[in-house]
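Q: work37.cif is reproduced below (mmCIF, C-alpha atoms).
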data_run
#
loop_
_atom_site.label_atom_id
_atom_site.label_comp_id
_atom_site.auth_asym_id
_atom_site.auth_seq_id
_atom_site.Cartn_x
_atom_site.Cartn_y
_atom_site.Cartn_z
CA MET F 1 -0.05 25.78 -41.60
CA ALA F 2 2.03 22.77 -40.67
CA TYR F 3 -0.74 21.82 -38.27
CA PHE F 4 -3.29 21.93 -41.09
CA ASP F 5 -1.05 19.79 -43.27
CA ASP F 6 -0.72 17.17 -40.54
CA ILE F 7 -4.48 16.99 -40.08
CA LEU F 8 -5.03 16.72 -43.82
CA ALA F 9 -2.41 13.98 -44.14
CA ALA F 10 -4.02 11.97 -41.33
CA GLN F 11 -7.50 12.34 -42.83
CA LEU F 12 -6.25 11.39 -46.30
CA GLN F 13 -4.62 8.32 -44.83
CA GLU F 14 -7.90 7.35 -43.17
CA ILE F 15 -9.86 7.66 -46.39
CA ARG F 16 -7.23 5.77 -48.43
CA ARG F 17 -6.82 2.91 -46.02
CA GLY F 18 -10.12 1.30 -46.89
CA THR F 19 -9.74 1.89 -50.60
CA ILE F 20 -6.43 0.02 -50.73
CA VAL F 21 -8.18 -3.19 -49.69
CA LEU F 22 -10.81 -2.75 -52.39
CA ALA F 23 -8.16 -1.95 -55.00
CA CYS F 24 -6.14 -5.05 -54.03
CA LEU F 25 -9.16 -7.33 -54.20
CA ARG F 26 -10.06 -5.98 -57.65
CA LEU F 27 -6.54 -6.05 -59.04
CA LEU F 28 -5.80 -9.55 -57.82
CA GLU F 29 -8.24 -11.12 -60.25
CA GLU F 30 -4.91 -11.52 -62.04
CA PRO F 31 -2.36 -13.23 -59.75
CA GLN F 32 0.45 -10.88 -58.76
CA TYR F 33 3.38 -10.90 -56.35
CA GLY F 34 3.80 -8.16 -53.75
CA TYR F 35 6.18 -5.83 -55.52
CA SER F 36 4.37 -5.93 -58.87
CA LEU F 37 1.06 -5.26 -57.10
CA LEU F 38 2.62 -2.24 -55.40
CA SER F 39 3.77 -0.89 -58.77
CA THR F 40 0.37 -1.49 -60.33
CA LEU F 41 -1.38 0.25 -57.45
CA GLU F 42 0.93 3.24 -57.73
CA LYS F 43 0.35 3.54 -61.45
CA ALA F 44 -3.39 3.36 -60.85
CA GLY F 45 -3.18 6.28 -58.40
CA PHE F 46 -3.20 4.35 -55.11
CA PRO F 47 0.11 5.30 -53.50
CA VAL F 48 0.86 2.84 -50.71
CA GLU F 49 3.96 2.09 -48.64
CA GLY F 50 5.50 -1.35 -48.96
CA ASN F 51 5.55 -1.79 -45.21
CA THR F 52 1.77 -1.29 -45.27
CA LEU F 53 0.92 -3.34 -48.33
CA TYR F 54 2.93 -6.52 -47.69
CA PRO F 55 1.57 -7.17 -44.19
CA LEU F 56 -1.90 -6.23 -45.48
CA LEU F 57 -1.76 -8.94 -48.17
CA ARG F 58 -0.91 -11.50 -45.52
CA ARG F 59 -3.80 -10.37 -43.31
CA LEU F 60 -6.25 -10.58 -46.21
CA GLU F 61 -4.96 -14.06 -46.93
CA LYS F 62 -5.47 -15.05 -43.30
CA GLN F 63 -9.02 -13.71 -43.51
CA GLY F 64 -9.57 -15.93 -46.53
CA LEU F 65 -10.08 -13.07 -49.00
CA LEU F 66 -6.89 -13.93 -50.88
CA THR F 67 -5.10 -17.14 -51.69
CA SER F 68 -1.39 -17.44 -52.33
CA GLU F 69 1.00 -19.71 -54.13
CA TRP F 70 4.78 -19.78 -54.39
CA SER F 71 5.90 -19.75 -58.00
CA THR F 72 9.33 -21.15 -58.77
CA ALA F 73 9.05 -20.76 -62.52
CA GLN F 74 11.22 -17.63 -62.58
CA ALA F 75 14.78 -16.83 -61.58
CA ARG F 76 13.76 -16.50 -57.91
CA PRO F 77 10.73 -17.82 -56.09
CA ARG F 78 7.90 -15.34 -55.64
CA LYS F 79 4.70 -15.50 -53.71
CA TYR F 80 1.69 -14.85 -55.92
CA TYR F 81 -1.60 -13.68 -54.46
CA ARG F 82 -5.00 -13.91 -56.07
CA VAL F 83 -8.50 -13.09 -54.90
CA SER F 84 -10.60 -15.93 -53.46
CA GLU F 85 -14.31 -16.46 -53.98
CA ALA F 86 -15.00 -14.84 -50.62
CA GLY F 87 -12.71 -11.96 -51.54
CA ARG F 88 -14.58 -11.43 -54.78
CA GLU F 89 -17.85 -11.30 -52.85
CA VAL F 90 -16.44 -8.82 -50.34
CA ALA F 91 -15.06 -6.65 -53.17
CA ALA F 92 -18.47 -6.53 -54.85
CA ARG F 93 -20.12 -5.46 -51.58
CA LEU F 94 -17.45 -2.86 -50.87
CA LEU F 95 -17.88 -1.43 -54.37
CA GLU F 96 -21.65 -1.24 -53.90
CA GLU F 97 -21.10 0.61 -50.63
CA TRP F 98 -18.62 2.93 -52.31
CA GLU F 99 -21.13 3.84 -55.00
CA ARG F 100 -23.87 4.34 -52.45
CA LEU F 101 -21.64 6.73 -50.50
CA GLN F 102 -20.71 8.54 -53.71
CA THR F 103 -24.41 9.05 -54.52
CA GLY F 104 -24.97 10.29 -50.98
CA LEU F 105 -22.12 12.76 -51.22
CA ASP F 106 -23.45 14.07 -54.53
CA LEU F 107 -26.87 14.61 -52.97
CA LEU F 108 -25.33 16.37 -49.99
CA SER F 109 -23.33 18.77 -52.11
CA GLY F 110 -26.52 19.65 -54.03
CA PRO F 111 -27.05 20.59 -57.67
CA ARG F 112 -24.15 23.03 -57.62
CA GLY F 113 -21.63 20.46 -56.46
CA ALA F 114 -22.81 17.63 -58.72
CA SER F 115 -20.88 17.52 -61.97
CA ASP F 116 -22.54 16.68 -65.28
CA GLU F 117 -21.47 13.06 -65.34
CA HIS F 118 -23.22 12.38 -62.02
CA ASP F 119 -26.50 13.97 -63.06
CA ARG F 120 -29.13 11.42 -63.71
CA MET A 1 23.42 -11.75 -51.17
CA SER A 2 24.29 -8.70 -49.16
CA THR A 3 24.64 -8.98 -45.39
CA ILE A 4 22.36 -5.92 -45.10
CA VAL A 5 19.43 -7.94 -46.39
CA ASP A 6 20.22 -10.86 -44.08
CA ARG A 7 20.40 -8.58 -41.08
CA TYR A 8 17.20 -6.76 -42.01
CA VAL A 9 15.27 -9.98 -42.56
CA ALA A 10 16.63 -11.39 -39.30
CA VAL A 11 15.37 -8.40 -37.30
CA VAL A 12 11.90 -8.90 -38.73
CA GLY A 13 11.97 -12.70 -38.45
CA THR A 14 12.96 -12.94 -34.78
CA ARG A 15 9.91 -10.85 -33.89
CA LEU A 16 7.45 -13.12 -35.68
CA PRO A 17 5.67 -16.23 -34.41
CA GLU A 18 7.33 -19.48 -35.48
CA LYS A 19 4.33 -20.40 -37.61
CA ILE A 20 4.70 -17.61 -40.16
CA ARG A 21 8.40 -16.76 -39.79
CA ARG A 22 9.85 -18.82 -42.65
CA ASP A 23 7.24 -17.74 -45.13
CA VAL A 24 7.41 -14.04 -44.29
CA GLU A 25 11.22 -14.14 -44.43
CA GLU A 26 11.21 -15.77 -47.87
CA GLU A 27 8.66 -13.33 -49.21
CA LEU A 28 10.53 -10.38 -47.75
CA ARG A 29 13.78 -11.51 -49.41
CA ALA A 30 12.00 -11.84 -52.75
CA THR A 31 10.44 -8.40 -52.35
CA ILE A 32 13.75 -6.76 -51.43
CA ALA A 33 15.37 -8.41 -54.44
CA ASP A 34 12.56 -7.05 -56.64
CA ILE A 35 13.05 -3.53 -55.27
CA MET A 36 16.82 -3.71 -55.75
CA GLU A 37 16.47 -4.94 -59.31
CA SER A 38 13.74 -2.55 -60.44
CA GLU A 39 14.71 0.65 -58.65
CA HIS A 40 18.39 0.46 -57.85
CA GLY A 41 19.76 -1.74 -60.65
CA HIS A 42 22.44 0.81 -61.48
CA LEU A 43 23.95 0.69 -57.97
CA ASP A 44 26.31 -1.92 -56.56
CA ALA A 45 24.76 -4.67 -54.46
CA ASP A 46 25.38 -3.13 -51.02
CA ALA A 47 24.10 0.33 -51.97
CA ALA A 48 21.07 -1.15 -53.69
CA ALA A 49 20.29 -3.33 -50.65
CA ALA A 50 20.64 -0.32 -48.35
CA ARG A 51 18.21 1.74 -50.45
CA ALA A 52 15.77 -1.15 -50.71
CA VAL A 53 15.55 -1.86 -46.98
CA GLU A 54 15.39 1.84 -46.21
CA SER A 55 12.33 2.12 -48.41
CA LEU A 56 10.69 -0.58 -46.27
CA GLY A 57 11.55 1.32 -43.10
CA ASP A 58 12.13 0.26 -39.53
CA PRO A 59 12.16 -3.58 -39.44
CA VAL A 60 10.73 -3.58 -35.90
CA LYS A 61 7.69 -1.66 -37.08
CA LEU A 62 7.37 -3.90 -40.11
CA ALA A 63 7.39 -6.98 -37.87
CA ARG A 64 4.67 -5.35 -35.76
CA GLU A 65 2.56 -4.93 -38.90
CA TYR A 66 2.97 -8.61 -39.71
CA ALA A 67 2.18 -9.84 -36.21
CA PRO A 68 0.30 -7.21 -34.26
CA ARG A 69 0.57 -7.79 -30.55
CA PRO A 70 -1.01 -5.72 -27.83
CA ARG A 71 1.34 -2.96 -26.76
CA TYR A 72 -0.14 -2.60 -23.31
CA LEU A 73 -0.05 -4.60 -20.10
CA ILE A 74 -3.67 -4.18 -19.07
CA GLY A 75 -6.35 -3.52 -21.65
CA PRO A 76 -9.61 -1.63 -21.34
CA ALA A 77 -11.55 -4.83 -20.54
CA LEU A 78 -9.69 -5.32 -17.26
CA TYR A 79 -8.68 -1.76 -16.48
CA ASP A 80 -11.68 -0.87 -14.29
CA ASP A 81 -11.26 -3.96 -12.12
CA TYR A 82 -7.52 -3.35 -11.94
CA ARG A 83 -7.94 0.22 -10.76
CA LYS A 84 -10.62 -0.65 -8.23
CA LEU A 85 -8.61 -3.47 -6.68
CA LEU A 86 -5.50 -1.29 -6.55
CA VAL A 87 -7.29 1.51 -4.70
CA ILE A 88 -8.94 -0.83 -2.21
CA LEU A 89 -5.83 -2.89 -1.46
CA VAL A 90 -3.52 0.09 -1.08
CA SER A 91 -5.95 1.93 1.18
CA ILE A 92 -6.25 -1.13 3.41
CA VAL A 93 -2.69 -2.45 3.41
CA ALA A 94 -0.80 0.83 3.79
CA PRO A 95 -2.67 2.04 6.92
CA ILE A 96 -2.39 -1.41 8.51
CA VAL A 97 1.36 -1.55 7.90
CA LEU A 98 1.65 1.99 9.25
CA VAL A 99 -0.32 1.15 12.42
CA VAL A 100 1.62 -2.07 13.01
CA GLY A 101 4.90 -0.19 12.51
CA VAL A 102 3.96 2.53 14.99
CA LEU A 103 2.68 -0.11 17.41
CA ALA A 104 5.96 -1.99 17.21
CA ALA A 105 7.88 1.25 17.78
CA VAL A 106 5.77 2.11 20.82
CA LEU A 107 6.10 -1.38 22.31
CA ASP A 108 9.85 -1.40 21.69
CA PRO A 109 11.47 -1.68 25.18
CA GLN A 110 14.28 0.59 23.95
CA GLY A 111 11.71 3.36 23.76
CA ILE A 112 10.13 5.10 20.80
CA THR A 113 12.27 7.27 18.52
CA ALA A 114 11.53 9.54 15.58
CA GLY A 115 13.46 7.06 13.41
CA ASP A 116 11.03 4.28 14.32
CA VAL A 117 8.06 6.38 13.31
CA GLY A 118 9.76 7.42 10.06
CA GLY A 119 10.52 3.77 9.43
CA ALA A 120 6.84 2.91 9.88
CA PHE A 121 5.89 5.46 7.22
CA GLY A 122 8.62 4.09 4.96
CA SER A 123 7.29 0.56 5.39
CA ALA A 124 3.77 1.72 4.60
CA ILE A 125 4.93 3.36 1.35
CA GLN A 126 6.97 0.28 0.48
CA ALA A 127 3.96 -1.94 1.12
CA ALA A 128 1.83 0.26 -1.17
CA VAL A 129 4.46 -0.02 -3.93
CA TRP A 130 4.61 -3.79 -3.53
CA VAL A 131 0.84 -4.07 -3.70
CA CYS A 132 0.82 -1.99 -6.90
CA PHE A 133 3.56 -4.12 -8.40
CA TRP A 134 2.01 -7.50 -7.69
CA VAL A 135 -1.50 -6.47 -8.64
CA THR A 136 -0.10 -5.19 -11.94
CA VAL A 137 1.82 -8.41 -12.54
CA VAL A 138 -1.25 -10.54 -11.86
CA PHE A 139 -3.48 -8.44 -14.12
CA ALA A 140 -0.87 -8.41 -16.89
CA ILE A 141 -0.80 -12.21 -16.76
CA LEU A 142 -4.61 -12.32 -16.84
CA GLU A 143 -4.61 -9.96 -19.84
CA TRP A 144 -1.99 -12.04 -21.58
CA ASN A 145 -4.11 -15.15 -21.13
CA GLY A 146 -7.15 -13.41 -22.51
CA VAL A 147 -9.09 -13.50 -19.25
CA ARG A 148 -12.07 -11.17 -19.30
CA SER A 149 -13.76 -9.36 -16.48
CA PRO A 150 -16.59 -11.43 -15.01
CA ARG A 151 -18.77 -8.38 -15.49
CA ALA A 152 -18.07 -8.33 -19.23
CA SER A 153 -20.82 -10.03 -21.17
CA ASP A 154 -21.31 -11.04 -24.76
CA ARG A 155 -25.02 -10.38 -24.45
CA ALA A 156 -26.13 -7.21 -26.19
CA TRP A 157 -26.81 -4.31 -23.86
CA THR A 158 -30.47 -3.53 -23.33
CA VAL A 159 -32.22 -0.77 -21.44
CA ALA A 160 -32.96 -3.30 -18.69
CA ASP A 161 -29.28 -3.17 -17.82
CA LEU A 162 -29.58 0.47 -16.78
CA PRO A 163 -29.12 0.77 -13.04
CA ALA A 164 -32.23 1.82 -11.18
CA GLU A 165 -32.38 5.52 -10.51
CA ALA A 166 -29.80 6.21 -7.85
CA PRO A 167 -31.46 7.23 -4.62
CA ALA A 168 -30.56 10.79 -3.76
CA ARG A 169 -29.41 9.60 -0.36
CA GLN A 170 -27.76 6.28 0.30
CA VAL A 171 -26.80 6.98 3.88
CA LYS A 172 -29.82 6.73 6.14
CA LEU A 173 -30.13 9.10 9.08
CA SER A 174 -30.82 6.16 11.41
CA GLU A 175 -27.59 4.48 10.38
CA VAL A 176 -25.53 7.56 11.18
CA VAL A 177 -27.42 8.36 14.38
CA VAL A 178 -26.94 4.85 15.77
CA SER A 179 -23.24 4.88 15.00
CA ALA A 180 -22.64 8.40 16.33
CA ALA A 181 -24.82 7.80 19.41
CA PHE A 182 -22.92 4.63 20.25
CA THR A 183 -19.63 6.51 20.04
CA LEU A 184 -20.91 9.47 22.04
CA VAL A 185 -22.21 7.16 24.76
CA PHE A 186 -18.81 5.50 24.86
CA ILE A 187 -17.08 8.89 25.20
CA SER A 188 -19.55 9.89 27.94
CA LEU A 189 -18.85 6.67 29.84
CA ILE A 190 -15.12 7.31 29.74
CA VAL A 191 -15.64 10.82 31.09
CA ALA A 192 -18.41 9.90 33.54
CA GLN A 193 -16.54 7.07 35.26
CA HIS A 194 -14.10 9.69 36.51
CA PHE A 195 -16.82 11.55 38.42
CA ARG A 196 -19.28 8.84 39.38
CA SER A 197 -18.41 5.44 40.79
CA THR A 198 -19.82 2.59 42.81
CA PHE A 199 -17.02 3.16 45.29
CA SER A 200 -15.93 6.30 46.98
CA ASP A 201 -13.58 7.34 49.75
CA ASP A 202 -13.12 10.50 51.73
CA ARG A 203 -11.67 12.25 48.65
CA GLY A 204 -14.75 11.48 46.56
CA PRO A 205 -15.64 8.78 44.02
CA ILE A 206 -12.95 6.25 43.04
CA PRO A 207 -12.72 6.20 39.22
CA PHE A 208 -12.62 2.82 37.44
CA PHE A 209 -9.81 3.83 35.07
CA ASP A 210 -6.42 4.70 36.49
CA PRO A 211 -6.39 8.54 36.74
CA GLN A 212 -2.86 8.43 35.27
CA LEU A 213 -4.50 7.59 31.92
CA TRP A 214 -5.80 11.16 31.64
CA ASN A 215 -2.18 12.05 31.10
CA GLY A 216 -2.49 11.71 27.30
CA TRP A 217 -4.01 8.27 26.68
CA LEU A 218 -7.69 8.82 27.39
CA PRO A 219 -7.75 12.28 25.73
CA ALA A 220 -6.15 10.76 22.62
CA LEU A 221 -8.78 8.01 22.52
CA ILE A 222 -11.57 10.53 23.00
CA VAL A 223 -10.20 12.70 20.18
CA LEU A 224 -10.08 9.68 17.86
CA LEU A 225 -13.61 8.65 18.82
CA ALA A 226 -14.77 12.20 18.22
CA ALA A 227 -13.06 12.12 14.81
CA GLY A 228 -15.16 9.04 14.09
CA VAL A 229 -18.31 11.01 14.93
CA VAL A 230 -17.14 13.81 12.60
CA VAL A 231 -16.73 11.26 9.80
CA ASP A 232 -20.26 9.99 10.54
CA VAL A 233 -21.66 13.51 10.28
CA LEU A 234 -19.76 14.16 7.04
CA LEU A 235 -21.11 10.86 5.72
CA TYR A 236 -24.65 12.00 6.41
CA LEU A 237 -24.07 15.42 4.86
CA ARG A 238 -22.50 13.87 1.77
CA GLY A 239 -25.26 11.26 1.58
CA ARG A 240 -23.06 8.66 -0.10
CA HIS A 241 -20.38 6.21 0.95
CA THR A 242 -17.62 7.86 -1.03
CA LEU A 243 -14.10 6.51 -1.35
CA GLY A 244 -12.63 9.45 0.56
CA LEU A 245 -14.97 9.06 3.54
CA THR A 246 -14.45 5.31 3.58
CA ILE A 247 -10.70 5.83 3.72
CA ALA A 248 -11.16 8.50 6.42
CA SER A 249 -13.21 6.16 8.59
CA THR A 250 -10.69 3.38 8.00
CA VAL A 251 -7.87 5.65 9.18
CA THR A 252 -9.70 6.87 12.31
CA ASP A 253 -10.76 3.32 13.17
CA ALA A 254 -7.26 1.95 12.64
CA LEU A 255 -5.66 4.72 14.69
CA PHE A 256 -8.19 4.22 17.48
CA GLY A 257 -7.48 0.49 17.50
CA ALA A 258 -3.72 1.10 17.58
CA VAL A 259 -3.83 3.67 20.38
CA ALA A 260 -6.30 1.59 22.39
CA ALA A 261 -4.14 -1.51 22.00
CA VAL A 262 -1.00 0.36 23.04
CA THR A 263 -2.82 1.85 26.03
CA ILE A 264 -4.08 -1.51 27.23
CA LEU A 265 -0.77 -3.27 26.70
CA THR A 266 1.54 -0.63 28.19
CA GLN A 267 -0.49 1.17 30.84
CA THR A 268 -2.22 0.32 34.06
CA ILE A 269 -5.87 0.43 33.09
CA VAL A 270 -7.85 -0.35 36.20
CA ASN A 271 -7.35 2.07 39.05
CA PRO A 272 -5.58 0.09 41.84
CA ALA A 273 -7.69 1.94 44.41
CA TRP A 274 -10.83 0.73 42.59
CA SER A 275 -9.66 -2.93 42.66
CA GLU A 276 -8.89 -2.60 46.37
CA ALA A 277 -12.33 -1.18 47.01
CA LEU A 278 -13.89 -4.03 44.99
CA LYS A 279 -11.95 -6.65 46.97
CA ALA A 280 -12.98 -5.03 50.24
CA GLU A 281 -16.62 -5.11 49.13
CA VAL A 282 -16.56 -8.63 47.66
CA PRO A 283 -13.84 -10.56 49.55
CA GLU A 284 -14.52 -13.87 47.74
CA LEU A 285 -13.42 -12.24 44.43
CA THR A 286 -9.74 -12.98 44.97
CA SER A 287 -8.72 -13.29 41.34
CA PHE A 288 -9.25 -10.34 39.06
CA ASN A 289 -7.46 -12.03 36.19
CA VAL A 290 -10.40 -12.68 33.94
CA VAL A 291 -11.37 -9.03 33.77
CA ALA A 292 -7.82 -7.78 33.71
CA ASN A 293 -6.52 -10.01 30.91
CA LYS A 294 -4.79 -7.42 28.75
CA ALA A 295 -4.35 -9.64 25.69
CA ALA A 296 -8.02 -10.57 25.67
CA TRP A 297 -9.18 -6.95 25.84
CA THR A 298 -6.75 -5.96 23.10
CA ALA A 299 -8.11 -8.75 20.92
CA VAL A 300 -11.69 -7.66 21.55
CA ILE A 301 -10.91 -4.01 20.65
CA LEU A 302 -9.00 -4.99 17.51
CA ALA A 303 -11.80 -7.34 16.45
CA ILE A 304 -14.35 -4.54 16.80
CA VAL A 305 -12.10 -2.17 14.82
CA ALA A 306 -11.54 -4.81 12.12
CA TRP A 307 -15.29 -5.34 11.82
CA SER A 308 -15.91 -1.61 11.64
CA ILE A 309 -13.37 -1.20 8.83
CA THR A 310 -14.74 -4.20 6.93
CA GLU A 311 -18.28 -2.91 7.28
CA ALA A 312 -17.26 0.52 5.92
CA TRP A 313 -15.75 -1.10 2.82
CA LEU A 314 -18.72 -3.38 2.32
CA LYS A 315 -21.00 -0.36 2.41
CA TYR A 316 -18.70 1.46 0.00
CA ARG A 317 -18.81 -1.47 -2.42
CA LYS A 318 -22.57 -1.67 -2.18
CA ALA A 319 -22.85 2.07 -2.84
CA ARG A 320 -20.63 1.69 -5.87
CA SER A 321 -22.64 -1.13 -7.40
CA SER A 322 -26.05 0.41 -6.84
#
As structure tokens, please, write out the structure in this file.
A:
Amino acid sequence: MAYFDDILAAQLQEIRRGTIVLACLRLLEEPQYGYSLLSTLEKAGFPVEGNTLYPLLRRLEKQGLLTSEWSTAQARPRKYYRVSEAGREVAARLLEEWERLQTGLDLLSGPRGASDEHDR
Amino acid sequence: MSTIVDRYVAVVGTRLPEKIRRDVEEELRATIADIMESEHGHLDADAAAARAVESLGDPVKLAREYAPRPRYLIGPALYDDYRKLLVILVSIVAPIVLVVGVLAAVLDPQGITAGDVGGAFGSAIQAAVWVCFWVTVVFAILEWNGVRSPRASDRAWTVADLPAEAPARQVKLSEVVVSAAFTLVFISLIVAQHFRSTFSDDRGPIPFFDPQLWNGWLPALIVLLAAGVVVDVLLYLRGRHTLGLTIASTVTDALFGAVAAVTILTQTIVNPAWSEALKAEVPELTSFNVVANKAAWTAVILAIVAWSITEAWLKYRKARSS
């Protein structure tokens, strides 16, 4: 059983990894700093480890999908990230792909598997 | 601020490239402060810091996430070349060192001992280890500098890149027959000279080679030559220049060269009775030095052996690439 759990955990991680990027790009329409983004993601049902998210934000910034700015307005300086124009474009394409895959999965699972809200 | 945070940030920071270090460190401090404030506000500073950094996990792993570096010495792009070079160099260098070691032991005026022979094997193994080490170092440096295999190409693969259908047989019969026939003729000559000669006395024909050589030396050479013929036959049966057969022919060639060289350098080759008979027949031939120059004959034999080994490896390489 432990073996099954390990496999499931690894597969879940695979499927979540890509969605975290999409969620970040969507959420960062509003500028946020790392810790607040982590909290928002968790509340929205995207559990992610800090040691995954913080390096990820930096990579997305390096790829030009996010921009960042240090804000010194508060008690301590924080680095705020927000989505760039390129990031917005990528997010739109990822979302399209997500919906396409969702439609495909519904078709695969047939009439029995498709719930009412997906029936067209 | 707590020393825990400083130490944690330092472990991450020292593992990052200069360019991003400051910024990552600052951001990490801010994040840890956020975690401490939001999740562990009720604890004292040290306990809160401890909980906060523990939630971020191993700082070494975190640094690796920030600045991923290859965690291998030789990547897949160079691995095939690395392996090939390693196999070829070790299978050439180790036998040569072994042969030279045995040769040195045999030529040692103190006489040959088991320790000398063991030492030769030890040197061969040591040489193989050194070759492995230096080849690895060189390839690791190449990898580190982003050098790619010359065979790697950015061009998209097309069906034209498929190798032509491999011929069922790469080793031609003629090739093997010529090689084996040459060796067999050589063996026959060694044997025949003992029974047939230009010169003869009342006891029969005078052999060209010193009959003393049959006491071990000539039989050993014949056995090694015969082993070469066996390798030729195996090569034909197998139909391909495989690595194993190439190594086998290298070993038989190298051993033949070593034994032949030792024989020439340490033994009387030309039968004294034969030289006497020659001088009696052709009195003006006073100096036999040109023919009897031991160093020259050794050089000739070793050159032939070296060519034979080189040729075997060239054929192996060609077979690999076709």
Q: Decode the PyMOL selection byres ((chain F) within 9 of (chain A)) for the given file into explicit residues and return them as a list of chain:residue names.
A: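 Taken over the shown coordinates, the PyMOL selection byres ((chain F) within 9 of (chain A)) returns F:Tyr33, F:Gly34, F:Tyr35, F:Ser36, F:Glu49, F:Gly50, F:Asn51, F:Thr52, F:Tyr54, F:Pro55, F:Leu56, F:Arg58, F:Arg59, F:Arg76, F:Pro77, F:Arg78, F:Lys79.
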Q: I'd like to see the residues matched by the PyMOL selection byres ((chain A and resi 129) around 12) on this file, and ideally I'd get them as an MDAnalysis selection string.
A: chainID A and resid 86:87 89:91 93:94 122:128 130:136
Q: Determine the residue membership of the PyMOL selection byres ((chain A and resi 180) around 12) for the file above and supply it as a ChimeraX atom specification.
A: /A:173-179,181-187,225-236
Q: Please, what distance in Å, to one decimal, runs between CA of Trp313 (chain A) and CA of Leu142 (chain A)?
A: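 So the two atoms, CA of Trp313 (chain A) and CA of Leu142 (chain A), lie 25.2 Å apart.
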Q: Once 5 Å is added on each side, what are the centre and the three edge lengths, in Å to one decimal, of the axis-aligned box enclosing the listed atoms of region 49-68 of chain F? Present them as JSON.
A:
{"center_x": -2.3, "center_y": -7.7, "center_z": -47.8, "size_x": 25.6, "size_y": 29.5, "size_z": 19.0}
Q: Would you work out the distance separating CA of Ala92 (chain F) from CA of Leu108 (chain F), expressed in Å to one decimal?
A: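 If I compute the distance from CA of Ala92 (chain F) to CA of Leu108 (chain F), I get 24.4 Å.
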Q: CA of Ala10 (chain A) and CA of Asp46 (chain A), how far apart in Å?
A: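 CA of Asp46 (chain A) sits 16.8 Å away from CA of Ala10 (chain A).
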Q: At most 6 Å from (-0.4, 3.3, 15.1), file frame, all atoms listed in the file: which residues, as a PyMOL selection string?
A: chain A and resi 99+102-103+255+258
Q: Please list as a list in words every residue within 10 Å of Val48 (chain F), counting only C-alpha atoms and excluding residues in the same chain fewer than 2 positions away.
A: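 The residues that qualify are Gln13, Arg16, Arg17, Ile20, Leu38, Ser39, Leu41, Glu42, Gly45, Phe46, Gly50, Asn51, Thr52 and Leu53 of chain F.
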Q: Calculated over all atoms listed in the file, which of the candidates F:Leu27, F:Leu12, F:Leu60, F:Leu22 has the smallest distance to Glu97 (chain F)?
A: F:Leu22
Q: Can you pull out the residues contacting Cys24 (chain F)? Cut-off 9 Å, using all atoms listed in the file, and skip same-chain residues under 5 positions away; I want them as a PyMOL selection string.
A: chain F and resi 19+29+37+41+57+83
Q: Go through A:Leu43, A:Ala120, A:Leu162, A:Ile304 one by one, measure the shortest atom-to-atom distance of each to Ala260 (chain A) using only C-alpha atoms, and give the residue with the smallest value.
A: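 When distances to Ala260 (chain A) are compared using only C-alpha atoms, the smallest one comes from A:Ile304.
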Q: Select, counting all atoms listed in the file, all protein, DNA and RNA residues no farther than 7 Å from (0.4, -16.2, -48.9) in file coordinates, and express the selection as a list of chain:residue names.
A: F:Arg58, F:Glu61, F:Thr67, F:Ser68, F:Glu69, F:Lys79, F:Tyr81
Q: Considering all atoms listed in the file, can you say which of A:Val282, A:Asn271, A:Val159, A:Ile222 comes closest to Leu189 (chain A)?
A: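 Smallest separation from Leu189 (chain A) among the options: A:Ile222.
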Q: For Ala312 (chain A), which residue among A:Gln267, A:Ala299, A:Ala52, A:Ser249 is the nearest when counting all atoms listed in the file?
A: A:Ser249
